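Peer 1: Provided below: start.cif, containing mmCIF, C-alpha atoms and all ligand atoms.
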```cif
data_work
#
loop_
_atom_site.label_atom_id
_atom_site.label_comp_id
_atom_site.auth_asym_id
_atom_site.auth_seq_id
_atom_site.Cartn_x
_atom_site.Cartn_y
_atom_site.Cartn_z
CA MET A 25 46.24 -4.59 -23.80
CA ALA A 26 43.05 -3.21 -25.28
CA ALA A 27 39.59 -4.43 -24.38
CA ILE A 28 38.08 -6.38 -27.27
CA ILE A 29 34.68 -6.69 -25.55
CA GLU A 30 33.19 -4.01 -23.31
CA LEU A 31 29.89 -4.69 -21.59
CA GLN A 32 28.40 -1.61 -20.01
CA ARG A 33 25.58 -2.19 -17.53
CA ILE A 34 23.98 -4.98 -19.55
CA SER A 35 20.63 -6.39 -18.44
CA LYS A 36 18.22 -8.84 -19.98
CA HIS A 37 14.67 -8.90 -18.65
CA TYR A 38 12.77 -11.79 -20.24
CA SER A 39 9.63 -10.58 -18.46
CA LYS A 40 8.76 -8.43 -15.44
CA THR A 41 9.76 -11.26 -13.13
CA ILE A 42 12.35 -13.23 -15.14
CA ILE A 43 15.64 -11.37 -15.14
CA GLY A 44 18.29 -13.32 -17.02
CA VAL A 45 21.16 -10.85 -16.61
CA ASP A 46 21.11 -7.98 -14.14
CA ASP A 47 23.34 -4.95 -14.66
CA VAL A 48 26.61 -6.61 -15.69
CA SER A 49 29.66 -4.58 -16.63
CA LEU A 50 32.69 -6.46 -17.87
CA ASP A 51 35.75 -5.87 -20.05
CA VAL A 52 37.51 -8.70 -21.85
CA GLU A 53 41.05 -8.12 -23.06
CA ASP A 54 42.12 -9.01 -26.56
CA GLY A 55 43.44 -12.59 -26.55
CA GLU A 56 42.13 -13.45 -23.08
CA PHE A 57 40.45 -16.75 -22.13
CA VAL A 58 37.56 -15.74 -19.88
CA THR A 59 35.06 -18.14 -18.38
CA LEU A 60 31.59 -17.34 -17.09
CA LEU A 61 31.01 -19.73 -14.20
CA GLY A 62 27.94 -20.37 -12.07
CA PRO A 63 25.09 -22.76 -11.37
CA SER A 64 22.34 -23.47 -13.88
CA GLY A 65 20.01 -20.50 -14.40
CA CYS A 66 22.42 -17.76 -13.23
CA GLY A 67 22.45 -16.07 -16.65
CA LYS A 68 25.67 -17.35 -18.25
CA SER A 69 24.15 -18.35 -21.59
CA THR A 70 22.01 -15.22 -21.76
CA LEU A 71 25.12 -13.07 -21.35
CA LEU A 72 27.04 -15.08 -23.96
CA ARG A 73 24.14 -14.91 -26.44
CA MET A 74 24.00 -11.14 -26.03
CA ILE A 75 27.72 -10.87 -26.83
CA GLY A 76 27.07 -12.98 -29.93
CA GLY A 77 24.06 -10.92 -30.94
CA PHE A 78 21.57 -13.78 -30.63
CA GLU A 79 19.72 -11.95 -27.89
CA ALA A 80 19.19 -8.20 -27.50
CA PRO A 81 19.87 -6.61 -24.13
CA THR A 82 17.02 -4.76 -22.42
CA HIS A 83 19.49 -2.17 -21.12
CA GLY A 84 23.14 -1.39 -21.61
CA MET A 85 25.72 -1.27 -24.34
CA ILE A 86 28.07 -3.82 -25.94
CA ARG A 87 31.24 -2.76 -27.70
CA LEU A 88 33.35 -5.02 -29.87
CA ALA A 89 36.81 -3.68 -30.71
CA GLY A 90 35.65 -0.21 -29.76
CA GLN A 91 32.48 -0.26 -31.94
CA ASP A 92 28.98 -0.18 -30.49
CA VAL A 93 27.45 -3.48 -31.64
CA THR A 94 24.50 -3.55 -29.24
CA HIS A 95 22.01 -3.75 -32.11
CA VAL A 96 24.21 -5.36 -34.77
CA PRO A 97 23.02 -8.83 -35.91
CA PRO A 98 25.24 -11.89 -35.23
CA TYR A 99 26.42 -12.34 -38.82
CA ARG A 100 27.77 -8.79 -38.87
CA ARG A 101 29.78 -9.18 -35.67
CA ASP A 102 33.31 -10.51 -35.88
CA VAL A 103 32.37 -13.19 -33.38
CA ASN A 104 31.69 -16.90 -33.71
CA MET A 105 29.87 -19.33 -31.45
CA VAL A 106 30.39 -23.02 -30.72
CA PHE A 107 27.17 -24.65 -29.62
CA GLN A 108 26.85 -27.46 -27.11
CA ASP A 109 25.45 -29.90 -29.70
CA TYR A 110 28.07 -28.85 -32.35
CA ALA A 111 25.33 -28.28 -35.00
CA LEU A 112 27.29 -29.94 -37.85
CA PHE A 113 25.51 -30.64 -41.14
CA PRO A 114 25.24 -34.46 -41.29
CA HIS A 115 25.07 -34.70 -45.10
CA MET A 116 28.26 -32.68 -45.61
CA THR A 117 31.82 -33.89 -45.17
CA VAL A 118 34.01 -32.45 -42.45
CA GLY A 119 35.77 -30.24 -45.00
CA GLU A 120 32.45 -28.96 -46.40
CA ASN A 121 31.17 -28.23 -42.91
CA ILE A 122 34.21 -26.14 -42.17
CA ALA A 123 34.31 -24.42 -45.55
CA TYR A 124 30.57 -23.66 -45.62
CA GLY A 125 30.80 -20.14 -44.24
CA LEU A 126 33.85 -19.38 -46.38
CA LYS A 127 32.06 -20.08 -49.67
CA ILE A 128 29.19 -17.83 -48.58
CA GLN A 129 31.84 -15.16 -48.03
CA GLY A 130 32.89 -15.60 -51.65
CA ARG A 131 36.15 -17.53 -51.28
CA SER A 132 37.12 -19.91 -54.04
CA ARG A 133 36.71 -23.66 -53.54
CA ALA A 134 40.48 -24.19 -53.45
CA GLN A 135 41.06 -21.37 -51.01
CA ALA A 136 38.27 -22.63 -48.74
CA ARG A 137 39.71 -26.13 -48.78
CA ASP A 138 43.18 -24.85 -47.85
CA MET A 139 41.74 -22.93 -44.94
CA ALA A 140 39.77 -26.02 -43.82
CA VAL A 141 42.97 -28.10 -43.96
CA ASP A 142 44.76 -25.56 -41.76
CA ALA A 143 41.92 -25.41 -39.26
CA LEU A 144 41.74 -29.21 -39.06
CA ALA A 145 45.48 -29.41 -38.44
CA LEU A 146 45.07 -26.94 -35.55
CA VAL A 147 42.52 -29.18 -33.85
CA GLY A 148 44.57 -32.32 -34.47
CA LEU A 149 42.39 -33.91 -37.19
CA PRO A 150 44.45 -33.50 -40.36
CA ASP A 151 43.17 -36.70 -42.01
CA LYS A 152 39.41 -36.39 -41.49
CA ILE A 153 38.56 -33.81 -44.13
CA ASP A 154 36.57 -36.18 -46.37
CA GLN A 155 34.68 -38.04 -43.65
CA LYS A 156 31.07 -37.43 -42.62
CA PRO A 157 30.25 -36.36 -39.06
CA ALA A 158 28.56 -39.73 -38.40
CA GLN A 159 31.91 -41.48 -38.95
CA LEU A 160 33.54 -39.49 -36.15
CA SER A 161 33.58 -39.94 -32.39
CA GLY A 162 32.03 -37.36 -30.09
CA GLY A 163 35.39 -35.81 -29.35
CA GLN A 164 36.28 -35.59 -33.04
CA ARG A 165 32.93 -33.93 -33.84
CA GLN A 166 33.67 -31.43 -31.10
CA ARG A 167 37.02 -30.68 -32.73
CA VAL A 168 35.39 -30.21 -36.13
CA ALA A 169 32.97 -27.73 -34.56
CA LEU A 170 35.97 -25.86 -33.12
CA ALA A 171 37.77 -25.92 -36.48
CA ARG A 172 34.68 -24.51 -38.20
CA ALA A 173 34.41 -21.79 -35.57
CA ILE A 174 38.01 -20.60 -35.89
CA VAL A 175 38.55 -21.05 -39.63
CA ARG A 176 37.72 -17.41 -40.36
CA ARG A 177 39.71 -16.24 -37.33
CA PRO A 178 36.94 -14.22 -35.69
CA LYS A 179 38.05 -11.70 -33.06
CA VAL A 180 36.10 -13.54 -30.37
CA LEU A 181 35.04 -17.16 -29.99
CA LEU A 182 32.05 -17.86 -27.75
CA LEU A 183 31.74 -21.36 -26.29
CA ASP A 184 28.62 -22.43 -24.38
CA GLU A 185 29.37 -25.53 -22.26
CA PRO A 186 31.48 -26.91 -25.13
CA LEU A 187 32.61 -30.02 -23.28
CA SER A 188 29.41 -31.02 -21.53
CA ALA A 189 28.40 -33.65 -24.10
CA LEU A 190 31.68 -35.57 -23.70
CA ASP A 191 32.45 -38.30 -21.18
CA ALA A 192 34.69 -37.48 -18.22
CA ARG A 193 37.97 -38.78 -19.65
CA LEU A 194 37.58 -37.08 -22.98
CA ARG A 195 36.51 -33.89 -21.26
CA ASP A 196 39.77 -33.79 -19.30
CA GLN A 197 41.76 -34.26 -22.49
CA MET A 198 39.76 -31.66 -24.44
CA ARG A 199 40.29 -29.08 -21.66
CA ILE A 200 44.00 -29.19 -22.31
CA GLU A 201 43.60 -29.25 -26.08
CA MET A 202 41.28 -26.25 -26.06
CA LYS A 203 43.69 -24.33 -23.88
CA HIS A 204 46.49 -25.12 -26.36
CA LEU A 205 44.26 -24.16 -29.27
CA HIS A 206 43.58 -20.82 -27.61
CA GLU A 207 47.31 -20.22 -27.23
CA LYS A 208 48.00 -21.18 -30.84
CA VAL A 209 45.33 -19.07 -32.55
CA GLY A 210 45.46 -16.09 -30.16
CA ILE A 211 41.71 -15.41 -30.49
CA THR A 212 39.77 -14.19 -27.45
CA PHE A 213 37.78 -17.10 -25.95
CA ILE A 214 34.71 -16.56 -23.78
CA MET A 215 33.43 -19.84 -22.39
CA VAL A 216 30.41 -20.73 -20.28
CA THR A 217 30.49 -23.59 -17.81
CA HIS A 218 28.94 -24.69 -14.51
CA ASP A 219 32.02 -26.84 -13.81
CA GLN A 220 34.43 -25.03 -11.49
CA GLU A 221 37.34 -27.35 -12.24
CA GLU A 222 36.92 -26.72 -15.96
CA ALA A 223 36.86 -22.97 -15.33
CA LEU A 224 39.93 -23.02 -13.10
CA THR A 225 42.06 -25.23 -15.33
CA MET A 226 41.31 -23.55 -18.67
CA SER A 227 40.90 -19.83 -18.09
CA ASP A 228 43.06 -16.76 -17.58
CA ARG A 229 40.14 -15.18 -15.74
CA VAL A 230 36.91 -16.47 -14.25
CA VAL A 231 33.73 -14.45 -13.83
CA VAL A 232 31.59 -16.08 -11.15
CA MET A 233 27.90 -15.31 -11.65
CA GLU A 234 25.07 -15.39 -9.14
CA LYS A 235 21.43 -14.67 -10.06
CA GLY A 236 22.26 -12.66 -13.16
CA ARG A 237 25.02 -10.64 -11.53
CA VAL A 238 28.79 -10.86 -11.24
CA ALA A 239 29.66 -12.27 -7.82
CA GLN A 240 33.42 -12.03 -8.38
CA ASP A 241 35.83 -11.66 -11.24
CA GLY A 242 39.48 -12.64 -11.07
CA ARG A 243 42.32 -15.02 -11.84
CA PRO A 244 41.61 -18.64 -10.78
CA GLN A 245 44.20 -18.54 -8.00
CA ASP A 246 42.85 -15.27 -6.60
CA LEU A 247 39.27 -16.52 -6.55
CA TYR A 248 40.42 -19.63 -4.73
CA ASP A 249 42.60 -17.83 -2.19
CA GLN A 250 40.49 -14.70 -1.71
CA PRO A 251 36.83 -15.44 -2.37
CA ALA A 252 34.74 -12.28 -1.98
CA SER A 253 31.72 -14.01 -0.47
CA PRO A 254 30.64 -17.32 1.06
CA TYR A 255 28.88 -18.04 -2.25
CA VAL A 256 32.17 -17.88 -4.17
CA ALA A 257 34.07 -19.69 -1.39
CA ASN A 258 31.71 -22.60 -1.71
CA PHE A 259 31.21 -22.57 -5.47
CA ILE A 260 34.96 -22.67 -6.13
CA GLY A 261 36.32 -25.50 -4.02
CA THR A 262 34.71 -26.25 -0.68
CA THR A 263 34.76 -24.18 2.46
CA ASN A 264 33.88 -24.84 6.09
CA PHE A 265 31.89 -22.06 7.72
CA VAL A 266 31.80 -21.14 11.41
CA ALA A 267 29.65 -18.33 12.86
CA GLY A 268 31.61 -15.77 14.88
CA SER A 269 31.90 -12.18 16.11
CA LEU A 270 34.72 -9.75 15.60
CA THR A 271 36.35 -9.03 18.94
CA GLY A 272 39.31 -6.86 18.01
CA ARG A 273 42.56 -6.43 16.14
CA SER A 274 46.11 -7.31 17.03
CA PRO A 275 49.39 -7.14 15.12
CA ALA A 276 48.77 -10.77 14.13
CA GLY A 277 45.41 -9.91 12.54
CA THR A 278 41.72 -9.77 13.22
CA ARG A 279 40.45 -11.56 16.32
CA ILE A 280 37.23 -13.51 16.06
CA ALA A 281 35.36 -15.31 18.81
CA SER A 282 33.17 -18.32 18.05
CA ALA A 283 31.54 -21.17 19.91
CA ALA A 284 34.34 -23.36 18.54
CA GLY A 285 37.06 -21.14 20.05
CA ASP A 286 38.98 -17.98 19.22
CA PHE A 287 40.55 -17.39 15.81
CA THR A 288 43.07 -14.98 14.34
CA ALA A 289 42.69 -14.12 10.65
CA THR A 290 45.06 -12.12 8.46
CA ALA A 291 42.10 -10.71 6.52
CA ASP A 292 41.05 -7.30 7.78
CA LEU A 293 37.46 -6.23 7.27
CA ALA A 294 36.32 -2.70 7.99
CA LEU A 295 33.82 -3.87 10.59
CA PRO A 296 33.18 -2.63 14.12
CA GLN A 297 33.90 -4.69 17.21
CA GLY A 298 31.12 -7.11 17.98
CA ALA A 299 30.06 -7.37 14.31
CA GLU A 300 28.63 -10.72 13.26
CA VAL A 301 30.93 -12.50 10.84
CA THR A 302 31.33 -15.88 9.20
CA LEU A 303 34.69 -17.60 9.28
CA GLY A 304 35.69 -19.84 6.43
CA PHE A 305 38.52 -22.30 5.90
CA ARG A 306 39.13 -24.93 3.28
CA PRO A 307 39.31 -28.62 4.25
CA GLU A 308 42.78 -28.98 2.72
CA LYS A 309 44.16 -25.96 4.58
CA VAL A 310 43.63 -27.51 8.01
CA ARG A 311 46.08 -29.81 9.77
CA LEU A 312 45.24 -32.49 12.31
CA LEU A 313 47.90 -31.61 14.89
CA ALA A 314 50.06 -34.33 16.38
CA GLU A 315 50.67 -34.38 20.12
CA GLY A 316 52.84 -31.46 21.20
CA GLU A 317 52.46 -29.78 17.78
CA THR A 318 51.06 -26.27 17.72
CA ALA A 319 49.74 -23.67 15.25
CA ALA A 320 48.65 -20.02 15.23
CA ASN A 321 45.02 -21.16 15.53
CA VAL A 322 44.42 -24.35 17.49
CA VAL A 323 40.83 -25.55 17.52
CA PRO A 324 39.83 -28.58 19.57
CA GLY A 325 37.27 -31.07 18.28
CA ARG A 326 36.24 -34.68 18.08
CA ILE A 327 36.36 -36.97 15.03
CA ALA A 328 32.83 -37.72 13.80
CA GLU A 329 33.65 -39.64 10.61
CA VAL A 330 36.62 -40.78 8.55
CA ILE A 331 36.32 -41.48 4.84
CA TYR A 332 39.19 -43.03 2.93
CA TYR A 333 39.34 -41.97 -0.72
CA GLY A 334 42.62 -43.44 -1.95
CA LEU A 335 44.76 -40.33 -2.17
CA GLY A 336 43.96 -39.39 1.40
CA LEU A 337 41.37 -39.04 4.10
CA ARG A 338 38.42 -36.75 4.52
CA THR A 339 37.53 -36.52 8.19
CA THR A 340 34.50 -34.81 9.66
CA VAL A 341 35.30 -33.11 12.94
CA GLU A 342 32.75 -31.81 15.42
CA LEU A 343 33.82 -28.57 17.09
CA ALA A 344 32.66 -27.13 20.40
CA GLY A 345 29.23 -25.61 19.78
CA GLY A 346 28.29 -28.47 17.45
CA THR A 347 29.53 -27.17 14.06
CA GLN A 348 30.89 -29.98 11.89
CA VAL A 349 33.80 -29.25 9.55
CA HIS A 350 35.71 -31.26 6.97
CA VAL A 351 39.44 -31.80 7.09
CA ASP A 352 41.30 -33.35 4.15
CA CYS A 353 44.71 -34.88 4.55
CA LEU A 354 46.93 -36.79 2.18
CA LEU A 355 48.39 -40.13 3.19
CA PRO A 356 51.88 -40.01 1.80
CA ASP A 357 52.93 -43.50 2.88
CA SER A 358 51.70 -46.58 4.67
CA LEU A 359 53.34 -45.49 7.94
CA ALA A 360 50.91 -42.61 8.17
CA ARG A 361 48.02 -45.04 7.85
CA SER A 362 48.69 -46.47 11.29
CA ALA A 363 48.10 -43.01 12.68
CA VAL A 364 44.66 -42.68 11.05
CA PRO A 365 42.33 -41.06 13.58
CA GLN A 366 39.31 -43.02 14.73
CA PRO A 367 35.74 -41.75 15.20
CA GLY A 368 35.25 -40.44 18.72
CA ALA A 369 38.91 -39.50 19.18
CA PRO A 370 39.71 -35.97 20.39
CA VAL A 371 41.77 -33.96 17.91
CA ARG A 372 43.22 -30.49 17.58
CA LEU A 373 42.99 -28.62 14.28
CA GLY A 374 45.76 -26.26 13.24
CA ILE A 375 44.81 -23.40 10.90
CA GLU A 376 47.12 -20.58 9.80
CA PRO A 377 45.69 -17.02 9.94
CA HIS A 378 46.18 -16.45 6.20
CA ASN A 379 43.98 -19.47 5.53
CA VAL A 380 41.04 -18.08 7.49
CA PHE A 381 38.47 -16.19 5.39
CA VAL A 382 36.29 -13.62 7.14
CA PHE A 383 32.95 -12.59 5.65
CA ALA A 384 30.59 -9.94 6.98
CA GLY A 385 27.32 -11.30 8.34
CA ARG A 386 26.16 -14.82 8.96
CA VAL A 387 25.61 -17.53 6.36
CA ALA A 388 22.24 -19.22 6.62
CA ALA A 389 22.99 -22.74 7.85
N1 LIG B 1 14.34 -17.51 -23.86
C1 LIG B 1 14.05 -17.35 -22.55
N2 LIG B 1 12.84 -16.94 -22.16
C2 LIG B 1 12.53 -16.74 -20.84
N3 LIG B 1 13.40 -16.96 -19.84
C3 LIG B 1 14.63 -17.38 -20.18
C4 LIG B 1 15.01 -17.61 -21.53
N4 LIG B 1 16.31 -18.02 -21.55
C5 LIG B 1 16.72 -18.07 -20.26
N5 LIG B 1 15.71 -17.70 -19.43
C6 LIG B 1 15.78 -17.56 -17.97
O1 LIG B 1 16.82 -16.67 -17.65
C7 LIG B 1 17.58 -17.15 -16.54
C8 LIG B 1 19.03 -17.35 -16.97
O2 LIG B 1 19.08 -18.40 -17.92
P1 LIG B 1 20.42 -18.85 -18.67
O3 LIG B 1 21.10 -17.64 -19.19
O4 LIG B 1 20.08 -19.92 -19.63
O5 LIG B 1 21.27 -19.43 -17.45
P2 LIG B 1 22.54 -20.43 -17.44
O6 LIG B 1 23.13 -20.47 -18.80
O7 LIG B 1 23.45 -19.84 -16.41
O8 LIG B 1 22.01 -21.77 -17.00
C9 LIG B 1 16.89 -18.42 -16.08
O9 LIG B 1 16.00 -18.08 -15.06
C10 LIG B 1 16.18 -18.89 -17.31
O10 LIG B 1 15.04 -19.64 -16.97
MG MG B 2 23.38 -22.13 -20.08
#
```
In structure tokens, write the structure found in this file.
Peer 2:
Amino acid sequence: MAAIIELQRISKHYSKTIIGVDDVSLDVEDGEFVTLLGPSGCGKSTLLRMIGGFEAPTHGMIRLAGQDVTHVPPYRRDVNMVFQDYALFPHMTVGENIAYGLKIQGRSRAQARDMAVDALALVGLPDKIDQKPAQLSGGQRQRVALARAIVRRPKVLLLDEPLSALDARLRDQMRIEMKHLHEKVGITFIMVTHDQEEALTMSDRVVVMEKGRVAQDGRPQDLYDQPASPYVANFIGTTNFVAGSLTGRSPAGTRIASAAGDFTATADLALPQGAEVTLGFRPEKVRLLAEGETAANVVPGRIAEVIYYGLGLRTTVELAGGTQVHVDCLLPDSLARSAVPQPGAPVRLGIEPHNVFVFAGRVAA
């Protein structure tokens, strides 16, 4: 597949000290659904606005379908943007809102209406064409904004936190609908969100941003299973961290010593013996071992807290050396409930080597 968007070393310096985007290079394939993910202020919207042409980069080049568009204004790029507040005209009907840009382009009234009808059908609102935005629910207004954005079939659709104004239930539903819409229209979607679940469930690829830079770029599953840094490991899902030192290598993997005990990890970092490292493992990838049960890594500890959350338990376990870690386990049936560990009880954690992340250096506690 060809790249529809190519960002080459893009930066945006708002002032000497405020750097919105810092040397980002990124290719987006034609038809891909890519999400820019990161906490507030990391530069997601700045990057999106530069792709749309609403902001000029301080350095770097932007190509759209092979053409340099770095200094081309928004209305001359084959790109459309959906804003967080939808920006619908309140005095126009739904159909007029959608057809607005088409009439400016010189289409006939009948042609524009046909295209609006098609776009509304795609977003599941075939019967709302003559209503005013005020007569619609928040979710319906969001769909109208989407219909307006895709009616001309731009090459790329930019979406800045498109679901953030909706309540939780509707947001879940719209995630699926937007993913289906993307599949149906085949346009490239580039979305911005700070919500990791949204990013993971909707996108083909997620670009995790940190302070204006790309921290990691990959498929949702790869980011989850192989985070490149503690920052990514903790921004996507949750991760327990334990300070350690690399002590050697064996056929089973890398050996790491820590105050909590020795670990073997499949991950192999090009680090010398004795190097300071940080171990990471996810709460749901740890087992509380039953008596007599064993695992490749067995780490003793003591239960500090047990929280019941319906689907399962989240326990906090204190390891030797004082580090506290979380362990999540599902409770498949009521029998298991009688075996719920109690605070103060000694436990053994079982962790498989492929579930142990190893990062160079120490994470500030
Ligand atoms: N128009 C602007 N003028 C000055 N600074 C800005 C402007 N827009 C954004 N910033 C700054 O640039 C950084 C990135 O902002 P933004 O791209 O909005 O982040 P995000 O969308 O990830 O929350 C922040 O420090 C923000 O304060
Ligand atoms: Mg933003």
Peer 1: Taking (41.1, -22.2, -15.5) in the coordinates of the supplied file, I want to know which residues reach to within 9 Å of it, counting all atoms listed in the file; could you give the answer as a list in words?
Peer 2: Phe57, Val58, Thr59, Gln220, Glu221, Glu222, Ala223, Leu224, Thr225, Met226, Ser227, Asp228, Arg229, Val230, Arg243, Pro244 and Gln245 of chain A
Peer 1: Report as a tab-separated table: every residue of chain A with an atom at most 8 Å from ligand MG 2 (chain B), its closest pair of atoms, and their distance in Å to one decimal, counting all atoms listed in the file, with rows sorted by chain and ascending residue number.
Peer 2:
```
residue	atom	partner	partner_atom	distance
A:Ser64	CA	B:MG2	MG	6.4
A:Gly65	CA	B:MG2	MG	6.8
A:Gly67	CA	B:MG2	MG	7.0
A:Lys68	CA	B:MG2	MG	5.6
A:Ser69	CA	B:MG2	MG	4.1
A:Thr70	CA	B:MG2	MG	7.2
A:Asp184	CA	B:MG2	MG	6.8
A:Glu185	CA	B:MG2	MG	7.2
A:Val216	CA	B:MG2	MG	7.2
A:Thr217	CA	B:MG2	MG	7.6
```
Peer 1: Around ligand LIG 1 (chain B), at most 12 Å away and counting all atoms listed in the file, which residues are there? Put them as a PyMOL selection string, please.
Peer 2: chain A and resi 35-46+59-74+78-80+108+183-185+215-219+231-238
Peer 1: Smallest atom-to-atom distance to Ile29 of chain A: which of A:Ile128, A:Ile75, A:Ala328, A:Val118, using all atoms listed in the file?
Peer 2: A:Ile75
Peer 1: Hey, which of A:Gly90, A:Pro98, A:Gly316, A:Pro251 ends up closest to Gly77 of chain A? Count only C-alpha atoms.
Peer 2: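 Comparing A:Gly90, A:Pro98, A:Gly316, A:Pro251 against Gly77 of chain A, the winner is A:Pro98.
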Peer 1: Counting all atoms listed in the file, figure out which residue out of A:Val310, A:Arg326, A:Tyr333, A:Thr347 gets nearest to Phe265 of chain A.
Peer 2: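 Closest to Phe265 of chain A of all the choices is A:Thr347.
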Peer 1: Pick out the closest residue to Gly272 of chain A from this set: A:Asp286, A:Asp142, A:Asp47, A:Asp246. Count only C-alpha atoms.
Peer 2: A:Asp286
Peer 1: Measure the distance from atom CA of Phe383 of chain A to atom CA of Thr302 of chain A in Å and round it to one decimal.
Peer 2: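 Atom CA of Thr302 of chain A lies 5.1 Å from atom CA of Phe383 of chain A.
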Peer 1: Within 9 Å of segment 143-146 of chain A, counting only C-alpha atoms, which residues show up once you throw out same-chain ones fewer than 5 positions away? Write them as a ChimeraX atom specification, please.
Peer 2: /A:119,122,138,151-153,167-168,170-172,174-175,205,208-209
Peer 1: Can you tell me, as AutoDock Vina command-line options, the centre and edge lengths (Å, one decimal) of the axis-aligned box enclosing all of segment 261-278 of chain A's listed atoms after padding each side by 6 Å?
Peer 2:
```
--center_x 39.5 --center_y -16.3 --center_z 7.5 --size_x 31.7 --size_y 31.8 --size_z 35.0
```
Peer 1: Looking at all atoms listed in the file, which of A:Arg165, A:Lys156, A:Arg131, A:Arg101 is the one that sits closest to Val180 of chain A?
Peer 2: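 The answer is A:Arg101, which sits nearest to Val180 of chain A.
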Peer 1: Residues around (28.8, -20.3, 10.9), cut-off 9 Å, counting only C-alpha atoms - what are they as number ranges by chain?
Peer 2: A: 264-268, 282, 301-304, 347, 386-389
